[in-house]
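Notes for the one structure printed next.
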Amino acid sequence: MRATGKRSIRLSILGRPRGSISVHTGLFINGEWVEPVEPDTHDIINPATGKKITTISLGSARDVDLAVAAAQKAYKTVWGLKCPGSKRGKLLTRLADLIERDIEQFIALESLNTGKPFNSAKNVDMAESVSCIRYFGGWADKVHGKTVESQLGEQKLAYTRHEPYGVVGQIIPLRMVSWKIGPALATGNCVVLKPSEITPLTALKFAKLVTEAGFPPGVVNIVNGYGSTVGQAIATHPKISKIAFTGSTLVGRKILEESARTNLKVVTLELGGKSPTIIFDDCNLEQTVKWAMQAMYPNSGQSCVAGSRLFVQEGIYPQFMEKFTAAVTALSQATGDPFGNGTRHGPQRIMGYIASGKDEGASLHLGGERHGAEGYFIKPTIFTDVTPSMKIVKEEIFGPVAVIMKFKTEEEVIEAANATEYGLSACVFSDNISRAIRVAHAVESGSAFVNSSQLVEPSMPFGGYKASGIGREHGEYALETYTQVKAVHINIGVTI
């Protein structure tokens, strides 16, 4: 493999030129930037303009083999059980500090590559990433087992150890890097990571800081590539013991199949969602509209937890529709250049779902059209008069399309909210806190937010029920997905 150079990306942020950011666009293996064994490239497109940003190198199964070999060597010599948790924690904390130092560059790359509005990326995504890595840095020296009282009393010592898997694979979009890298490194695993081939720039910038923070070569490896090549190689590699994936339920099922077919990898999946937002007529209407907007339209609706199925009790339906429509109309007027002042809604590609909603007889209440002639901008959209069998009600759209339905009773809305294959998140709005808690408990979802939405934090577990995933991100629960328990039996006085 030969070393690869940097490419500079010139940026203008919030209307002000900010020079350029140098980003390596090759593969990051064993602490070095290298070109793939089988040279290939992929153009990275700015969704706000439809124009090319830069070109990245694409790896193959042979590059995954090299990355796994580097990770294995690091695990056996300088990481895992060879590196105390206190040192791993210091390195993670240093990494969080470096991301915070360069946070504007990360925000700019994310906005450029994904179309996410600059201010939204700044106040949510990157701040959350720093917080997450710092949080798991604090856990690194607190991963421990238990001493278990033996039936043989003082003649035997019995205890458990929580040990890392070794080499773990991660197939993730850019925002999830911190969610998965944090607990994986805190518990002593080495990582082979495939970022999205569509939005890899932040992950590539992240790799540079891994070296600067002082992580040994091979602890973190990043291989760009398509899911059908690099993703497939990670999913089937016999030396990878655990895999974590964030993405569609369809691909999640394929990863489970590959695990069963090969070496029975431990698999954690954070998959799709079609989350309900349940609004009772005794809610605080002004606050509910604001929270429902946050539930549905963050990142232009491109959120796995988007509250895209809104159930509104009939007594408040007209008032809610009036205020919610006004709020979505205002959001539509803030659509545009992700780097522009006041931009709150960026580009995405989901016109096929809007056409499906119309074809199946739903009423297009608002939006449903392209915005402007350049890029992939779509006006925030609301459908009403929908039925459970419609595609826009059943499937995750991953875009700014909300469907709104009336309901009469608590029992009715619980049944409707649970009538989905997904179970990632739910929101419940009511000033009757007893009812709100009761409904939050009854909804089949991994997270439930009462009188709020999207208040995710590193200390609270995150993951799905049903087809929304397996395992948990965040909190102490995430550590469990990156460790395996060993039972140790020490004979002190038993003779035979």
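A note on labels: chains of the structure tokens are A, B, ... as shown, every chain counts residues from 1, and ligands are counted from 1 in their shown order.
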
Run DSSP on the backbone and give me the residues of stretch 313-459 of chain A it puts in strand (DSSP E or B), as a PDB file with C-alpha atoms, in the first residue's frame.
```
ATOM      1  CA  GLN A 313     -57.062  13.717  19.878  1.00  0.00           C
ATOM      2  CA  THR A 335     -35.183  26.181   3.476  1.00  0.00           C
ATOM      3  CA  HIS A 345     -34.232  23.000   6.598  1.00  0.00           C
ATOM      4  CA  SER A 363     -54.700  14.400   1.252  1.00  0.00           C
ATOM      5  CA  LEU A 364     -51.616  16.551   0.670  1.00  0.00           C
ATOM      6  CA  HIS A 365     -52.165  19.225   3.287  1.00  0.00           C
ATOM      7  CA  LEU A 366     -48.893  21.117   2.837  1.00  0.00           C
ATOM      8  CA  ARG A 370     -39.284  20.568  -4.737  1.00  0.00           C
ATOM      9  CA  ILE A 378     -38.052  19.403  -0.728  1.00  0.00           C
ATOM     10  CA  THR A 381     -44.742  18.035   3.908  1.00  0.00           C
ATOM     11  CA  ILE A 382     -47.926  17.093   5.771  1.00  0.00           C
ATOM     12  CA  PHE A 383     -50.425  14.415   4.723  1.00  0.00           C
ATOM     13  CA  THR A 384     -53.867  13.972   6.302  1.00  0.00           C
ATOM     14  CA  VAL A 401     -43.019  13.939   5.543  1.00  0.00           C
ATOM     15  CA  ALA A 402     -45.481  13.819   8.440  1.00  0.00           C
ATOM     16  CA  VAL A 403     -48.808  11.987   8.495  1.00  0.00           C
ATOM     17  CA  ILE A 404     -51.476  13.250  10.916  1.00  0.00           C
ATOM     18  CA  MET A 405     -54.407  11.173  12.216  1.00  0.00           C
ATOM     19  CA  LYS A 406     -57.271  11.822  14.646  1.00  0.00           C
ATOM     20  CA  PHE A 407     -58.126   9.578  17.574  1.00  0.00           C
ATOM     21  CA  TYR A 422     -40.904  -0.511  14.251  1.00  0.00           C
ATOM     22  CA  GLY A 423     -40.376   0.467  17.871  1.00  0.00           C
ATOM     23  CA  SER A 425     -39.139   6.006  19.930  1.00  0.00           C
ATOM     24  CA  ALA A 426     -42.404   7.657  20.940  1.00  0.00           C
ATOM     25  CA  CYS A 427     -43.609  11.014  22.275  1.00  0.00           C
ATOM     26  CA  VAL A 428     -46.629  11.565  24.514  1.00  0.00           C
ATOM     27  CA  PHE A 429     -48.128  14.978  25.274  1.00  0.00           C
ATOM     28  CA  SER A 447     -37.464   5.289  24.206  1.00  0.00           C
ATOM     29  CA  ALA A 448     -40.487   7.301  25.288  1.00  0.00           C
ATOM     30  CA  PHE A 449     -40.464  11.076  25.751  1.00  0.00           C
ATOM     31  CA  VAL A 450     -43.176  12.682  27.856  1.00  0.00           C
TER      32      VAL A 450
END
```

Query - Long-range neighbours of A:Asp40 as a list in words, 10 Å cut-off, only C-alpha atoms, 4 positions minimum in chain - result: Glu35, Pro36, Ile56, Ser57, Leu58, Gly59, Ser60 and Gly225 of chain A

**Report entry** Nearby residues (only C-alpha atoms) at most 6 Å from stretch 180-185 of chain A, same-chain spacing under 2 positions excluded, as a PyMOL selection string
**Finding:** chain A and resi 133+136+177-178+187-189+479+482

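Nearest residue to A:Asn432 among A:Ile222, A:Phe280, A:Gln155, A:Glu314 is A:Phe280, counting only C-alpha atoms.
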
Proximity check stretch 212-239 of chain A to stretch 62-76 of chain A, 10 Å, nearest pairs one decimal Å, only C-alpha atoms, as JSON lines:
```
{"residue": "A:Pro216", "atom": "CA", "partner": "A:Ala74", "partner_atom": "CA", "distance": 7.2}
{"residue": "A:Pro217", "atom": "CA", "partner": "A:Ala74", "partner_atom": "CA", "distance": 6.9}
{"residue": "A:Gly218", "atom": "CA", "partner": "A:Ala71", "partner_atom": "CA", "distance": 4.6}
{"residue": "A:Val219", "atom": "CA", "partner": "A:Ala71", "partner_atom": "CA", "distance": 5.6}
{"residue": "A:Val220", "atom": "CA", "partner": "A:Ala71", "partner_atom": "CA", "distance": 7.3}
{"residue": "A:Asn221", "atom": "CA", "partner": "A:Ala67", "partner_atom": "CA", "distance": 6.0}
{"residue": "A:Ile222", "atom": "CA", "partner": "A:Ala67", "partner_atom": "CA", "distance": 7.9}
{"residue": "A:Val223", "atom": "CA", "partner": "A:Val64", "partner_atom": "CA", "distance": 6.9}
{"residue": "A:Asn224", "atom": "CA", "partner": "A:Asp63", "partner_atom": "CA", "distance": 9.5}
{"residue": "A:Gly225", "atom": "CA", "partner": "A:Asp63", "partner_atom": "CA", "distance": 9.8}
{"residue": "A:Thr229", "atom": "CA", "partner": "A:Val64", "partner_atom": "CA", "distance": 9.5}
{"residue": "A:Val230", "atom": "CA", "partner": "A:Val64", "partner_atom": "CA", "distance": 6.7}
{"residue": "A:Gly231", "atom": "CA", "partner": "A:Val64", "partner_atom": "CA", "distance": 9.2}
{"residue": "A:Gln232", "atom": "CA", "partner": "A:Val64", "partner_atom": "CA", "distance": 9.9}
{"residue": "A:Ala233", "atom": "CA", "partner": "A:Val64", "partner_atom": "CA", "distance": 6.6}
{"residue": "A:Ile234", "atom": "CA", "partner": "A:Val64", "partner_atom": "CA", "distance": 6.8}
{"residue": "A:His237", "atom": "CA", "partner": "A:Asp65", "partner_atom": "CA", "distance": 8.0}
{"residue": "A:Pro238", "atom": "CA", "partner": "A:Val68", "partner_atom": "CA", "distance": 9.8}
{"residue": "A:Lys239", "atom": "CA", "partner": "A:Val68", "partner_atom": "CA", "distance": 7.1}
```

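When the distance limit is 8 Å and only C-alpha atoms are what count, the residues near A:Glu110, minus those fewer than 5 positions from it on the same chain, are Gly115, Lys116, Ala121, Thr199, Leu201 and Thr202 of chain A.
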
Requested in this report: Between atom CA of A:Pro164 and atom CA of A:Leu209, measure the distance and give it in Å to one decimal.
Outcome: 23.3 Å

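Restricting the calculation to only C-alpha atoms, the smallest distance between A:Gly272 and any of A:Met351, A:Leu424, A:Val488, A:Ala108 is found for A:Leu424.
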
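As for atom CA of A:Lys394 and atom CA of A:Ser356, they are spaced 11.8 Å apart.
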
As a CSV table (one decimal) with N, CA and C atoms, in the first residue's frame, which residues of stretch 67-297 of chain A does DSSP assign to alpha helix (DSSP H)?
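Writing done, so here's selection_26.csv:
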```csv
chain,number,residue,atom,x,y,z
A,67,ALA,N,-6.9,-4.2,7.5
A,67,ALA,CA,-7.4,-3.4,8.7
A,67,ALA,C,-7.6,-4.3,9.9
A,68,VAL,N,-8.1,-5.5,9.6
A,68,VAL,CA,-8.4,-6.5,10.7
A,68,VAL,C,-7.0,-7.0,11.2
A,69,ALA,N,-6.1,-7.2,10.4
A,69,ALA,CA,-4.8,-7.7,10.8
A,69,ALA,C,-4.1,-6.6,11.7
A,70,ALA,N,-4.2,-5.4,11.3
A,70,ALA,CA,-3.7,-4.3,12.1
A,70,ALA,C,-4.4,-4.2,13.5
A,71,ALA,N,-5.7,-4.3,13.5
A,71,ALA,CA,-6.5,-4.3,14.7
A,71,ALA,C,-6.1,-5.4,15.6
A,72,GLN,N,-6.0,-6.6,15.1
A,72,GLN,CA,-5.6,-7.8,15.9
A,72,GLN,C,-4.2,-7.6,16.5
A,73,LYS,N,-3.3,-7.1,15.8
A,73,LYS,CA,-2.0,-6.8,16.3
A,73,LYS,C,-2.0,-5.8,17.5
A,74,ALA,N,-2.8,-4.7,17.2
A,74,ALA,CA,-2.9,-3.7,18.3
A,74,ALA,C,-3.5,-4.3,19.5
A,75,TYR,N,-4.6,-5.1,19.3
A,75,TYR,CA,-5.3,-5.6,20.5
A,75,TYR,C,-4.4,-6.5,21.3
A,76,LYS,N,-3.6,-7.3,20.7
A,76,LYS,CA,-2.7,-8.3,21.4
A,76,LYS,C,-1.5,-7.7,22.0
A,77,THR,N,-1.1,-6.5,21.5
A,77,THR,CA,0.2,-5.9,22.0
A,77,THR,C,0.1,-4.6,22.8
A,85,GLY,N,-7.6,0.6,31.8
A,85,GLY,CA,-8.7,1.5,31.5
A,85,GLY,C,-8.4,2.9,31.8
A,86,SER,N,-7.6,3.2,32.8
A,86,SER,CA,-7.3,4.6,33.1
A,86,SER,C,-6.6,5.3,31.9
A,87,LYS,N,-5.7,4.6,31.2
A,87,LYS,CA,-5.1,5.1,30.0
A,87,LYS,C,-6.0,5.3,28.9
A,88,ARG,N,-6.9,4.3,28.7
A,88,ARG,CA,-7.9,4.4,27.6
A,88,ARG,C,-8.8,5.6,27.8
A,89,GLY,N,-9.2,5.8,29.1
A,89,GLY,CA,-10.0,6.9,29.4
A,89,GLY,C,-9.4,8.3,29.1
A,90,LYS,N,-8.1,8.4,29.5
A,90,LYS,CA,-7.3,9.6,29.2
A,90,LYS,C,-7.3,9.9,27.7
A,91,LEU,N,-7.1,8.8,26.9
A,91,LEU,CA,-7.0,9.0,25.4
A,91,LEU,C,-8.4,9.4,24.9
A,92,LEU,N,-9.4,8.9,25.4
A,92,LEU,CA,-10.8,9.2,24.9
A,92,LEU,C,-11.1,10.7,25.3
A,93,THR,N,-10.7,11.1,26.5
A,93,THR,CA,-10.9,12.4,26.9
A,93,THR,C,-10.1,13.4,26.1
A,94,ARG,N,-8.9,13.0,25.7
A,94,ARG,CA,-8.1,13.9,24.9
A,94,ARG,C,-8.7,14.0,23.5
A,95,LEU,N,-9.3,12.9,23.0
A,95,LEU,CA,-9.9,12.9,21.7
A,95,LEU,C,-11.1,13.8,21.7
A,96,ALA,N,-11.9,13.8,22.8
A,96,ALA,CA,-13.1,14.7,22.9
A,96,ALA,C,-12.6,16.2,22.9
A,97,ASP,N,-11.5,16.4,23.6
A,97,ASP,CA,-11.0,17.8,23.6
A,97,ASP,C,-10.5,18.3,22.2
A,98,LEU,N,-9.9,17.4,21.4
A,98,LEU,CA,-9.5,17.8,20.1
A,98,LEU,C,-10.7,18.0,19.2
A,99,ILE,N,-11.7,17.2,19.3
A,99,ILE,CA,-12.9,17.4,18.5
A,99,ILE,C,-13.5,18.8,18.8
A,100,GLU,N,-13.5,19.1,20.1
A,100,GLU,CA,-14.1,20.4,20.6
A,100,GLU,C,-13.2,21.5,20.0
A,101,ARG,N,-11.9,21.3,20.0
A,101,ARG,CA,-11.0,22.3,19.4
A,101,ARG,C,-11.3,22.6,18.0
A,103,ILE,N,-14.1,22.0,16.3
A,103,ILE,CA,-15.5,21.7,16.2
A,103,ILE,C,-16.1,22.5,15.0
A,104,GLU,N,-15.7,23.7,14.7
A,104,GLU,CA,-16.2,24.4,13.5
A,104,GLU,C,-15.9,23.7,12.2
A,105,GLN,N,-14.7,23.1,12.1
A,105,GLN,CA,-14.4,22.4,10.9
A,105,GLN,C,-15.2,21.1,10.8
A,106,PHE,N,-15.5,20.4,11.9
A,106,PHE,CA,-16.4,19.3,11.8
A,106,PHE,C,-17.8,19.7,11.4
A,107,ILE,N,-18.3,20.8,12.0
A,107,ILE,CA,-19.6,21.2,11.6
A,107,ILE,C,-19.7,21.6,10.2
A,108,ALA,N,-18.7,22.3,9.7
A,108,ALA,CA,-18.7,22.7,8.3
A,108,ALA,C,-18.7,21.5,7.3
A,109,LEU,N,-17.8,20.5,7.6
A,109,LEU,CA,-17.8,19.3,6.8
A,109,LEU,C,-19.1,18.6,6.8
A,110,GLU,N,-19.7,18.5,8.0
A,110,GLU,CA,-21.0,17.8,8.1
A,110,GLU,C,-22.1,18.5,7.3
A,111,SER,N,-22.1,19.8,7.4
A,111,SER,CA,-23.1,20.6,6.7
A,111,SER,C,-22.9,20.5,5.2
A,112,LEU,N,-21.6,20.6,4.8
A,112,LEU,CA,-21.3,20.5,3.3
A,112,LEU,C,-21.7,19.1,2.8
A,113,ASN,N,-21.4,18.0,3.5
A,113,ASN,CA,-21.5,16.7,3.0
A,113,ASN,C,-22.9,16.2,3.1
A,114,THR,N,-23.7,16.6,4.2
A,114,THR,CA,-25.0,16.1,4.4
A,114,THR,C,-26.1,17.0,4.1
A,118,PHE,N,-26.0,24.5,9.2
A,118,PHE,CA,-24.8,24.7,10.0
A,118,PHE,C,-25.1,24.9,11.5
A,119,ASN,N,-26.1,25.7,11.8
A,119,ASN,CA,-26.4,26.0,13.2
A,119,ASN,C,-26.9,24.7,13.9
A,120,SER,N,-27.7,23.9,13.2
A,120,SER,CA,-28.2,22.7,13.8
A,120,SER,C,-27.1,21.7,14.1
A,127,ALA,N,-21.9,18.9,19.3
A,127,ALA,CA,-21.9,19.0,20.8
A,127,ALA,C,-22.2,17.7,21.4
A,128,GLU,N,-23.1,17.0,20.8
A,128,GLU,CA,-23.4,15.6,21.4
A,128,GLU,C,-22.3,14.7,21.2
A,129,SER,N,-21.6,14.7,20.1
A,129,SER,CA,-20.5,13.8,19.8
A,129,SER,C,-19.4,14.0,20.8
A,130,VAL,N,-19.0,15.3,21.1
A,130,VAL,CA,-18.0,15.6,22.1
A,130,VAL,C,-18.5,15.0,23.5
A,131,SER,N,-19.7,15.3,23.8
A,131,SER,CA,-20.2,14.8,25.1
A,131,SER,C,-20.2,13.3,25.2
A,132,CYS,N,-20.5,12.6,24.2
A,132,CYS,CA,-20.6,11.2,24.2
A,132,CYS,C,-19.2,10.5,24.4
A,133,ILE,N,-18.2,11.0,23.6
A,133,ILE,CA,-16.9,10.5,23.8
A,133,ILE,C,-16.3,10.8,25.2
A,134,ARG,N,-16.5,12.0,25.6
A,134,ARG,CA,-16.1,12.3,27.0
A,134,ARG,C,-16.7,11.5,28.0
A,135,TYR,N,-18.0,11.2,27.9
A,135,TYR,CA,-18.8,10.3,28.8
A,135,TYR,C,-18.1,8.9,28.9
A,136,PHE,N,-17.9,8.3,27.8
A,136,PHE,CA,-17.3,7.0,27.8
A,136,PHE,C,-15.9,7.0,28.2
A,137,GLY,N,-15.2,8.1,28.0
A,137,GLY,CA,-13.8,8.2,28.6
A,137,GLY,C,-13.9,8.0,30.1
A,138,GLY,N,-14.9,8.5,30.7
A,138,GLY,CA,-15.1,8.4,32.2
A,138,GLY,C,-15.4,7.0,32.6
A,139,TRP,N,-15.9,6.2,31.7
A,139,TRP,CA,-16.3,4.8,32.0
A,139,TRP,C,-15.1,3.8,31.9
A,177,VAL,N,-20.5,7.8,14.7
A,177,VAL,CA,-19.1,7.5,15.0
A,177,VAL,C,-18.9,7.5,16.5
A,178,SER,N,-19.2,8.7,17.1
A,178,SER,CA,-19.0,8.8,18.6
A,178,SER,C,-19.8,7.8,19.4
A,179,TRP,N,-21.0,7.5,18.9
A,179,TRP,CA,-21.9,6.6,19.7
A,179,TRP,C,-21.3,5.2,19.8
A,180,LYS,N,-20.6,4.8,18.7
A,180,LYS,CA,-20.1,3.5,18.7
A,180,LYS,C,-18.6,3.4,19.1
A,181,ILE,N,-17.8,4.4,18.6
A,181,ILE,CA,-16.4,4.4,18.9
A,181,ILE,C,-16.2,4.5,20.4
A,182,GLY,N,-17.0,5.4,21.1
A,182,GLY,CA,-16.8,5.6,22.5
A,182,GLY,C,-16.8,4.4,23.4
A,183,PRO,N,-17.9,3.6,23.4
A,183,PRO,CA,-18.0,2.4,24.2
A,183,PRO,C,-17.0,1.3,23.7
A,184,ALA,N,-16.8,1.2,22.4
A,184,ALA,CA,-15.9,0.2,21.9
A,184,ALA,C,-14.5,0.4,22.4
A,185,LEU,N,-14.0,1.6,22.4
A,185,LEU,CA,-12.6,1.9,22.8
A,185,LEU,C,-12.5,1.9,24.4
A,186,ALA,N,-13.6,2.4,25.0
A,186,ALA,CA,-13.6,2.4,26.5
A,186,ALA,C,-13.4,1.0,27.1
A,201,LEU,N,-17.0,12.4,5.1
A,201,LEU,CA,-15.9,13.4,5.3
A,201,LEU,C,-15.6,13.6,6.8
A,202,THR,N,-16.7,13.6,7.6
A,202,THR,CA,-16.4,13.9,9.1
A,202,THR,C,-15.7,12.7,9.7
A,203,ALA,N,-16.0,11.5,9.3
A,203,ALA,CA,-15.3,10.3,9.8
A,203,ALA,C,-13.8,10.4,9.4
A,204,LEU,N,-13.5,10.8,8.2
A,204,LEU,CA,-12.1,10.9,7.8
A,204,LEU,C,-11.4,12.0,8.5
A,205,LYS,N,-12.0,13.1,8.8
A,205,LYS,CA,-11.4,14.1,9.7
A,205,LYS,C,-11.2,13.6,11.1
A,206,PHE,N,-12.2,12.8,11.6
A,206,PHE,CA,-12.1,12.2,12.9
A,206,PHE,C,-10.8,11.3,13.0
A,207,ALA,N,-10.5,10.6,12.0
A,207,ALA,CA,-9.3,9.7,12.0
A,207,ALA,C,-8.0,10.4,12.3
A,208,LYS,N,-7.9,11.6,11.7
A,208,LYS,CA,-6.7,12.4,11.9
A,208,LYS,C,-6.5,12.7,13.4
A,209,LEU,N,-7.6,13.0,14.1
A,209,LEU,CA,-7.5,13.3,15.5
A,209,LEU,C,-7.3,12.1,16.4
A,210,VAL,N,-7.6,10.9,15.9
A,210,VAL,CA,-7.3,9.7,16.6
A,210,VAL,C,-5.8,9.6,16.8
A,211,THR,N,-5.1,9.9,15.7
A,211,THR,CA,-3.6,9.8,15.8
A,211,THR,C,-3.1,10.9,16.7
A,212,GLU,N,-3.6,12.1,16.5
A,212,GLU,CA,-3.1,13.2,17.3
A,212,GLU,C,-3.4,13.0,18.8
A,213,ALA,N,-4.5,12.3,19.2
A,213,ALA,CA,-4.8,12.1,20.6
A,213,ALA,C,-3.8,11.1,21.2
A,232,GLN,N,-19.9,-5.9,3.3
A,232,GLN,CA,-20.0,-7.4,3.3
A,232,GLN,C,-18.8,-8.0,3.9
A,233,ALA,N,-17.6,-7.5,3.6
A,233,ALA,CA,-16.3,-8.1,4.1
A,233,ALA,C,-16.3,-8.0,5.6
A,234,ILE,N,-16.7,-6.9,6.2
A,234,ILE,CA,-16.7,-6.7,7.6
A,234,ILE,C,-17.8,-7.7,8.2
A,235,ALA,N,-18.9,-7.8,7.6
A,235,ALA,CA,-20.0,-8.7,8.1
A,235,ALA,C,-19.6,-10.2,8.1
A,236,THR,N,-18.7,-10.5,7.2
A,236,THR,CA,-18.4,-12.0,7.1
A,236,THR,C,-17.0,-12.3,7.6
A,249,THR,N,-33.5,-1.4,8.2
A,249,THR,CA,-33.9,-2.7,8.7
A,249,THR,C,-33.5,-3.8,7.7
A,250,LEU,N,-33.7,-3.5,6.4
A,250,LEU,CA,-33.3,-4.5,5.4
A,250,LEU,C,-31.9,-4.9,5.5
A,251,VAL,N,-31.0,-3.9,5.6
A,251,VAL,CA,-29.5,-4.3,5.7
A,251,VAL,C,-29.2,-4.9,7.0
A,252,GLY,N,-29.9,-4.5,8.1
A,252,GLY,CA,-29.7,-5.1,9.4
A,252,GLY,C,-30.0,-6.6,9.3
A,253,ARG,N,-31.1,-7.0,8.6
A,253,ARG,CA,-31.4,-8.4,8.5
A,253,ARG,C,-30.3,-9.2,7.8
A,254,LYS,N,-29.8,-8.5,6.7
A,254,LYS,CA,-28.7,-9.2,6.0
A,254,LYS,C,-27.5,-9.4,6.9
A,255,ILE,N,-27.2,-8.4,7.7
A,255,ILE,CA,-26.0,-8.6,8.6
A,255,ILE,C,-26.3,-9.7,9.6
A,256,LEU,N,-27.5,-9.8,10.1
A,256,LEU,CA,-27.8,-11.0,11.0
A,256,LEU,C,-27.6,-12.3,10.3
A,257,GLU,N,-28.1,-12.3,9.0
A,257,GLU,CA,-27.9,-13.6,8.2
A,257,GLU,C,-26.5,-13.9,8.0
A,258,GLU,N,-25.7,-12.9,7.7
A,258,GLU,CA,-24.2,-13.2,7.5
A,258,GLU,C,-23.6,-13.7,8.8
A,259,SER,N,-24.0,-13.1,9.9
A,259,SER,CA,-23.4,-13.5,11.2
A,259,SER,C,-23.8,-15.0,11.5
A,260,ALA,N,-25.0,-15.4,11.2
A,260,ALA,CA,-25.4,-16.8,11.4
A,260,ALA,C,-24.7,-17.7,10.4
A,261,ARG,N,-24.4,-17.2,9.2
A,261,ARG,CA,-23.8,-18.1,8.2
A,261,ARG,C,-22.3,-18.2,8.4
A,285,LEU,N,-50.8,23.3,24.4
A,285,LEU,CA,-50.8,23.3,22.9
A,285,LEU,C,-49.6,24.1,22.4
A,286,GLU,N,-49.3,25.2,22.9
A,286,GLU,CA,-48.2,26.0,22.4
A,286,GLU,C,-46.8,25.2,22.5
A,287,GLN,N,-46.6,24.6,23.6
A,287,GLN,CA,-45.4,23.8,23.8
A,287,GLN,C,-45.4,22.6,23.0
A,288,THR,N,-46.6,21.9,22.9
A,288,THR,CA,-46.7,20.7,22.1
A,288,THR,C,-46.3,20.9,20.7
A,289,VAL,N,-46.8,22.0,20.1
A,289,VAL,CA,-46.5,22.3,18.7
A,289,VAL,C,-45.0,22.4,18.5
A,290,LYS,N,-44.4,23.1,19.4
A,290,LYS,CA,-42.9,23.3,19.3
A,290,LYS,C,-42.2,21.9,19.4
A,291,TRP,N,-42.6,21.1,20.4
A,291,TRP,CA,-41.9,19.9,20.6
A,291,TRP,C,-42.2,18.9,19.4
A,292,ALA,N,-43.4,18.9,18.9
A,292,ALA,CA,-43.8,18.1,17.8
A,292,ALA,C,-43.0,18.5,16.5
A,293,MET,N,-42.7,19.7,16.3
A,293,MET,CA,-41.8,20.2,15.3
A,293,MET,C,-40.4,19.6,15.4
A,294,GLN,N,-39.9,19.7,16.7
A,294,GLN,CA,-38.6,19.1,16.9
A,294,GLN,C,-38.6,17.6,16.7
A,295,ALA,N,-39.7,16.9,17.1
A,295,ALA,CA,-39.7,15.5,16.9
A,295,ALA,C,-39.7,15.1,15.4
A,296,MET,N,-40.4,15.9,14.6
A,296,MET,CA,-40.6,15.5,13.2
A,296,MET,C,-39.5,16.0,12.3
```

Listing only residues of stretch 378-495 of chain A within 12 Å of stretch 140-154 of chain A, what is the closest atom pair and its distance in Å (to one decimal) for each, using only C-alpha atoms, sorted by chain and residue number ascending, as JSON lines?
```
{"residue": "A:Glu476", "atom": "CA", "partner": "A:Val143", "partner_atom": "CA", "distance": 9.3}
{"residue": "A:Tyr477", "atom": "CA", "partner": "A:Val143", "partner_atom": "CA", "distance": 11.5}
{"residue": "A:Ala478", "atom": "CA", "partner": "A:Val143", "partner_atom": "CA", "distance": 11.4}
{"residue": "A:Leu479", "atom": "CA", "partner": "A:Val143", "partner_atom": "CA", "distance": 7.8}
{"residue": "A:Glu480", "atom": "CA", "partner": "A:Val143", "partner_atom": "CA", "distance": 9.3}
{"residue": "A:Tyr482", "atom": "CA", "partner": "A:Val143", "partner_atom": "CA", "distance": 10.7}
{"residue": "A:Thr483", "atom": "CA", "partner": "A:Val143", "partner_atom": "CA", "distance": 9.0}
{"residue": "A:Gln484", "atom": "CA", "partner": "A:Gly145", "partner_atom": "CA", "distance": 10.4}
{"residue": "A:Val485", "atom": "CA", "partner": "A:Gly145", "partner_atom": "CA", "distance": 7.9}
{"residue": "A:Lys486", "atom": "CA", "partner": "A:Gly145", "partner_atom": "CA", "distance": 8.7}
{"residue": "A:Ala487", "atom": "CA", "partner": "A:Gly145", "partner_atom": "CA", "distance": 9.1}
{"residue": "A:Val488", "atom": "CA", "partner": "A:Thr147", "partner_atom": "CA", "distance": 9.6}
{"residue": "A:His489", "atom": "CA", "partner": "A:Ser150", "partner_atom": "CA", "distance": 9.3}
{"residue": "A:Ile490", "atom": "CA", "partner": "A:Ser150", "partner_atom": "CA", "distance": 10.4}
{"residue": "A:Asn491", "atom": "CA", "partner": "A:Glu154", "partner_atom": "CA", "distance": 9.4}
{"residue": "A:Ile492", "atom": "CA", "partner": "A:Glu154", "partner_atom": "CA", "distance": 7.5}
{"residue": "A:Gly493", "atom": "CA", "partner": "A:Glu154", "partner_atom": "CA", "distance": 7.7}
{"residue": "A:Val494", "atom": "CA", "partner": "A:Leu152", "partner_atom": "CA", "distance": 8.4}
{"residue": "A:Thr495", "atom": "CA", "partner": "A:Leu152", "partner_atom": "CA", "distance": 11.8}
```

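Using only C-alpha atoms, the shortest contact distance between A:Gly471 and any of A:Glu369, A:Glu270, A:Glu360, A:Glu457 is found at A:Glu270.
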
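What separates atom CA of A:Gly361 from atom CA of A:Ile392 is a distance of 10.9 Å.
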